[in-house]
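Chemist: A single structure is presented below for examination.
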Amino acid sequence: MDILKKLGDCGVIPVVVIENPDMAVETARALYAGGIDVIEITLRTPTALDSIRAISRAMPCMLTGAGTALNCEQTQAALDAGAKFIVSPGLDREQALFCAKNGVPLVPGCVTPGEIMAARSLGLDILKFFPASVYGGLSAIKALSAPFSGIKFIPTGGVSISNLIDYARSPAVFAVGGSWLCTADDIKNACFDKITELSKDAVKVWHSVDIRNNGGMQS
Ligand code: 3PG
């Protein structure tokens, strides 16, 4: 399975903070019912690894990754728990080399030309653009994709159903990430039907764009 391709095919990556790992599988099921088969569990709670482990075991159909993985140690722990891809808010050379050595897909955050060039030299061409709304959003991505035409971005931070279509229309956007699909509150309050509906809406918008429906650059 080409893991990065699967991220691009899904297009909308839920960035999830789960406090209670007992809610993890239900949350993943709700996303899956809405047409989303990837999930990024952020390592921002003491029990994040338990959530990754639970979803990986219960739902092999769900591509489960770890977000906010800041170094090699956290990366290794996430892999041990079953994570299939790693997302980092920034570029860490040691982590990138570690992932390359172990054949693990890594999506590091890069927002400046220098960071993008450093990532390229490490063989990385799908990059998180975070926090997107702070670093110029779509107009920054468009400007950066002029010199870096081979780079595709996953904007995250400030993406929502209201601006999703704009990101989806950009050929430089590989996928988007966001927490709006399943917020910490919705998970805590077991609003699983709501999560499914929000997921369906997002998938519909993402796949409404022709460059992807017509087998454009992500196919
Ligand atoms: C994050 O890492 O927290 C993501 O960027 C989510 O941002 P959002 O809450 O604006 O979607």
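Ligands are numbered from 1 in the order shown, chains are lettered A, B, ... in the order of the structure tokens, and residues start at 1 in each chain.
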Which chains and residue numbers are within 8 Å of ligand 1, counting only C-alpha atoms and all ligand atoms, if I want them as number ranges by chain?
Modeler: A: 15, 42, 67-68, 89, 130-132, 156-160, 177-180
Chemist: Can you list, as an mmCIF file with all heavy atoms, in the first residue's frame, every protein, DNA or RNA residue that comes within 12 Å of A:Asp185 when you count only C-alpha atoms, leaving out same-chain residues fewer than 5 positions away?
Modeler:
data_model
loop_
_atom_site.group_PDB
_atom_site.id
_atom_site.type_symbol
_atom_site.label_atom_id
_atom_site.label_comp_id
_atom_site.auth_asym_id
_atom_site.auth_seq_id
_atom_site.Cartn_x
_atom_site.Cartn_y
_atom_site.Cartn_z
ATOM 1 N N VAL A 16 -6.676 14.731 15.173
ATOM 2 C CA VAL A 16 -7.555 14.360 16.277
ATOM 3 C C VAL A 16 -6.817 14.360 17.614
ATOM 4 O O VAL A 16 -5.741 13.776 17.748
ATOM 5 C CB VAL A 16 -8.152 12.951 15.998
ATOM 6 C CG1 VAL A 16 -9.141 12.568 17.088
ATOM 7 C CG2 VAL A 16 -8.831 12.923 14.638
ATOM 8 N N VAL A 17 -7.442 15.002 18.581
ATOM 9 C CA VAL A 17 -6.943 14.968 19.962
ATOM 10 C C VAL A 17 -7.943 14.141 20.767
ATOM 11 O O VAL A 17 -9.103 14.538 20.929
ATOM 12 C CB VAL A 17 -6.850 16.397 20.556
ATOM 13 C CG1 VAL A 17 -6.368 16.342 22.009
ATOM 14 C CG2 VAL A 17 -5.919 17.273 19.726
ATOM 15 N N ILE A 18 -7.508 12.987 21.220
ATOM 16 C CA ILE A 18 -8.410 12.124 22.004
ATOM 17 C C ILE A 18 -7.875 12.024 23.422
ATOM 18 O O ILE A 18 -6.758 11.544 23.648
ATOM 19 C CB ILE A 18 -8.521 10.710 21.385
ATOM 20 C CG1 ILE A 18 -8.981 10.793 19.924
ATOM 21 C CG2 ILE A 18 -9.498 9.863 22.194
ATOM 22 C CD1 ILE A 18 -9.202 9.448 19.263
ATOM 23 N N GLU A 19 -8.692 12.491 24.361
ATOM 24 C CA GLU A 19 -8.281 12.414 25.773
ATOM 25 C C GLU A 19 -8.491 11.004 26.317
ATOM 26 O O GLU A 19 -7.657 10.482 27.047
ATOM 27 C CB GLU A 19 -9.101 13.413 26.613
ATOM 28 C CG GLU A 19 -8.929 14.870 26.227
ATOM 29 C CD GLU A 19 -7.587 15.455 26.626
ATOM 30 O OE1 GLU A 19 -6.859 14.811 27.419
ATOM 31 O OE2 GLU A 19 -7.256 16.552 26.122
ATOM 32 N N ASN A 20 -9.618 10.415 25.940
ATOM 33 C CA ASN A 20 -9.994 9.117 26.487
ATOM 34 C C ASN A 20 -9.881 8.042 25.403
ATOM 35 O O ASN A 20 -10.689 8.015 24.474
ATOM 36 C CB ASN A 20 -11.433 9.205 27.012
ATOM 37 C CG ASN A 20 -11.918 7.879 27.564
ATOM 38 O OD1 ASN A 20 -11.204 6.874 27.518
ATOM 39 N ND2 ASN A 20 -13.148 7.864 28.066
ATOM 40 N N MET A 23 -12.701 6.185 23.656
ATOM 41 C CA MET A 23 -13.528 6.798 22.605
ATOM 42 C C MET A 23 -12.868 6.675 21.220
ATOM 43 O O MET A 23 -13.451 7.069 20.213
ATOM 44 C CB MET A 23 -13.744 8.294 22.895
ATOM 45 C CG MET A 23 -14.287 8.607 24.261
ATOM 46 S SD MET A 23 -15.889 7.854 24.493
ATOM 47 C CE MET A 23 -16.979 9.226 24.114
ATOM 48 N N THR A 27 -14.700 6.893 17.482
ATOM 49 C CA THR A 27 -14.397 8.093 16.695
ATOM 50 C C THR A 27 -13.943 7.701 15.295
ATOM 51 O O THR A 27 -14.412 8.255 14.284
ATOM 52 C CB THR A 27 -13.295 8.916 17.394
ATOM 53 O OG1 THR A 27 -13.755 9.293 18.691
ATOM 54 C CG2 THR A 27 -12.944 10.167 16.603
ATOM 55 N N SER A 179 -9.029 19.883 12.433
ATOM 56 C CA SER A 179 -9.672 19.304 13.618
ATOM 57 C C SER A 179 -11.178 19.477 13.594
ATOM 58 O O SER A 179 -11.860 18.954 14.466
ATOM 59 C CB SER A 179 -9.101 19.977 14.876
ATOM 60 O OG SER A 179 -9.494 21.345 14.904
ATOM 61 N N TRP A 180 -11.695 20.214 12.574
ATOM 62 C CA TRP A 180 -13.116 20.529 12.624
ATOM 63 C C TRP A 180 -14.001 19.297 12.454
ATOM 64 O O TRP A 180 -15.155 19.288 12.867
ATOM 65 C CB TRP A 180 -13.458 21.612 11.582
ATOM 66 C CG TRP A 180 -13.790 21.125 10.211
ATOM 67 C CD1 TRP A 180 -15.049 20.870 9.728
ATOM 68 C CD2 TRP A 180 -12.894 20.852 9.125
ATOM 69 N NE1 TRP A 180 -14.968 20.454 8.411
ATOM 70 C CE2 TRP A 180 -13.667 20.438 8.018
ATOM 71 C CE3 TRP A 180 -11.505 20.905 8.979
ATOM 72 C CZ2 TRP A 180 -13.107 20.082 6.788
ATOM 73 C CZ3 TRP A 180 -10.935 20.562 7.769
ATOM 74 C CH2 TRP A 180 -11.730 20.157 6.690
ATOM 75 N N ALA A 190 -19.394 12.224 22.709
ATOM 76 C CA ALA A 190 -19.863 11.096 21.890
ATOM 77 C C ALA A 190 -20.812 11.532 20.772
ATOM 78 O O ALA A 190 -21.804 10.854 20.497
ATOM 79 C CB ALA A 190 -20.509 10.033 22.780
ATOM 80 N N CYS A 191 -20.497 12.636 20.132
ATOM 81 C CA CYS A 191 -21.339 13.126 19.023
ATOM 82 C C CYS A 191 -20.917 12.434 17.719
ATOM 83 O O CYS A 191 -20.441 13.097 16.770
ATOM 84 C CB CYS A 191 -21.213 14.639 18.884
ATOM 85 S SG CYS A 191 -21.723 15.537 20.343
ATOM 86 N N PHE A 192 -21.065 11.135 17.681
ATOM 87 C CA PHE A 192 -20.509 10.382 16.554
ATOM 88 C C PHE A 192 -21.292 10.599 15.258
ATOM 89 O O PHE A 192 -20.709 10.616 14.174
ATOM 90 C CB PHE A 192 -20.404 8.897 16.906
ATOM 91 C CG PHE A 192 -19.477 8.657 18.074
ATOM 92 C CD1 PHE A 192 -19.926 8.032 19.224
ATOM 93 C CD2 PHE A 192 -18.153 9.086 18.028
ATOM 94 C CE1 PHE A 192 -19.079 7.828 20.296
ATOM 95 C CE2 PHE A 192 -17.297 8.897 19.103
ATOM 96 C CZ PHE A 192 -17.758 8.265 20.233
ATOM 97 N N LYS A 194 -22.694 13.338 14.396
ATOM 98 C CA LYS A 194 -22.240 14.641 13.903
ATOM 99 C C LYS A 194 -20.892 14.499 13.182
ATOM 100 O O LYS A 194 -20.681 15.079 12.107
ATOM 101 C CB LYS A 194 -22.114 15.617 15.084
ATOM 102 C CG LYS A 194 -21.616 16.992 14.689
ATOM 103 C CD LYS A 194 -21.521 17.900 15.924
ATOM 104 C CE LYS A 194 -20.823 19.208 15.570
ATOM 105 N NZ LYS A 194 -20.516 20.003 16.766
ATOM 106 N N ILE A 195 -20.001 13.729 13.748
ATOM 107 C CA ILE A 195 -18.685 13.511 13.129
ATOM 108 C C ILE A 195 -18.856 12.872 11.749
ATOM 109 O O ILE A 195 -18.201 13.273 10.776
ATOM 110 C CB ILE A 195 -17.797 12.646 14.059
ATOM 111 C CG1 ILE A 195 -17.425 13.447 15.312
ATOM 112 C CG2 ILE A 195 -16.549 12.148 13.331
ATOM 113 C CD1 ILE A 195 -16.763 12.642 16.420
#
Chemist: Would you mind telling me which residue in A:Asp193, A:Asp166, A:Asp201, A:Asp92 lies nearest to A:Ala28 when using only C-alpha atoms?
Modeler: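 Ranking A:Asp193, A:Asp166, A:Asp201, A:Asp92 by distance to A:Ala28, first place goes to A:Asp193.
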Chemist: Which residue, A:Pro155, A:Gly123, A:Gly35, A:Pro21, has the smallest gap to A:Gly137 when you use only C-alpha atoms?
Modeler: A:Pro155
Chemist: Go through stretch 20-173 of chain A and collect every residue that DSSP, computed from the backbone, puts in strand (DSSP E); the answer should be as a list in words.
Modeler: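 Answer for stretch 20-173 of chain A, restricted to strand (DSSP E): Val38, Ile39, Glu40, Ile41, Thr42, Leu63, Thr64, Gly65, Ala66, Gly67, Phe85, Ile86, Val87, Ser88, Leu106, Val107, Pro108, Ile126, Leu127, Lys128, Phe129, Lys152, Phe153, Ile154 and Pro155 of chain A.
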Chemist: Name all residues at most 10 Å from A:Leu31 (count only C-alpha atoms; drop same-chain ones fewer than 2 positions away) and give them as an MDAnalysis selection string.
Modeler: chainID A and resid 14 25:29 33:39 62 181:182 192:200
Chemist: Compile the contact shell of A:Val173 as a PDB file with N, CA and C atoms, in the first residue's frame: residues with an atom at most 9 Å away, counting only C-alpha atoms, same-chain residues fewer than 5 positions apart removed.
Modeler:
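Output file selection.pdb is given in full below:
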ATOM      1  N   LEU A 138      -3.578  29.940   1.358  1.00  0.00           N
ATOM      2  CA  LEU A 138      -3.486  29.526  -0.040  1.00  0.00           C
ATOM      3  C   LEU A 138      -2.576  30.439  -0.858  1.00  0.00           C
ATOM      4  N   ILE A 141       0.910  29.322  -0.350  1.00  0.00           N
ATOM      5  CA  ILE A 141       1.147  28.033  -1.030  1.00  0.00           C
ATOM      6  C   ILE A 141       1.331  28.257  -2.527  1.00  0.00           C
ATOM      7  N   LYS A 152       4.229  19.215  -2.931  1.00  0.00           N
ATOM      8  CA  LYS A 152       2.792  19.286  -2.650  1.00  0.00           C
ATOM      9  C   LYS A 152       2.603  19.535  -1.153  1.00  0.00           C
ATOM     10  N   PHE A 153       1.567  20.291  -0.851  1.00  0.00           N
ATOM     11  CA  PHE A 153       1.369  20.730   0.529  1.00  0.00           C
ATOM     12  C   PHE A 153       0.106  20.137   1.153  1.00  0.00           C
ATOM     13  N   ILE A 154       0.182  19.970   2.463  1.00  0.00           N
ATOM     14  CA  ILE A 154      -1.005  19.604   3.253  1.00  0.00           C
ATOM     15  C   ILE A 154      -1.248  20.753   4.233  1.00  0.00           C
ATOM     16  N   PRO A 155      -2.018  21.760   3.810  1.00  0.00           N
ATOM     17  CA  PRO A 155      -2.286  22.863   4.733  1.00  0.00           C
ATOM     18  C   PRO A 155      -3.108  22.382   5.927  1.00  0.00           C
ATOM     19  N   TYR A 167      -8.902  25.451  -1.091  1.00  0.00           N
ATOM     20  CA  TYR A 167      -7.693  24.614  -1.012  1.00  0.00           C
ATOM     21  C   TYR A 167      -7.794  23.448  -2.001  1.00  0.00           C
ATOM     22  N   ALA A 168      -8.973  22.863  -2.090  1.00  0.00           N
ATOM     23  CA  ALA A 168      -9.133  21.689  -2.964  1.00  0.00           C
ATOM     24  C   ALA A 168      -8.843  22.031  -4.420  1.00  0.00           C
TER      25      ALA A 168
END
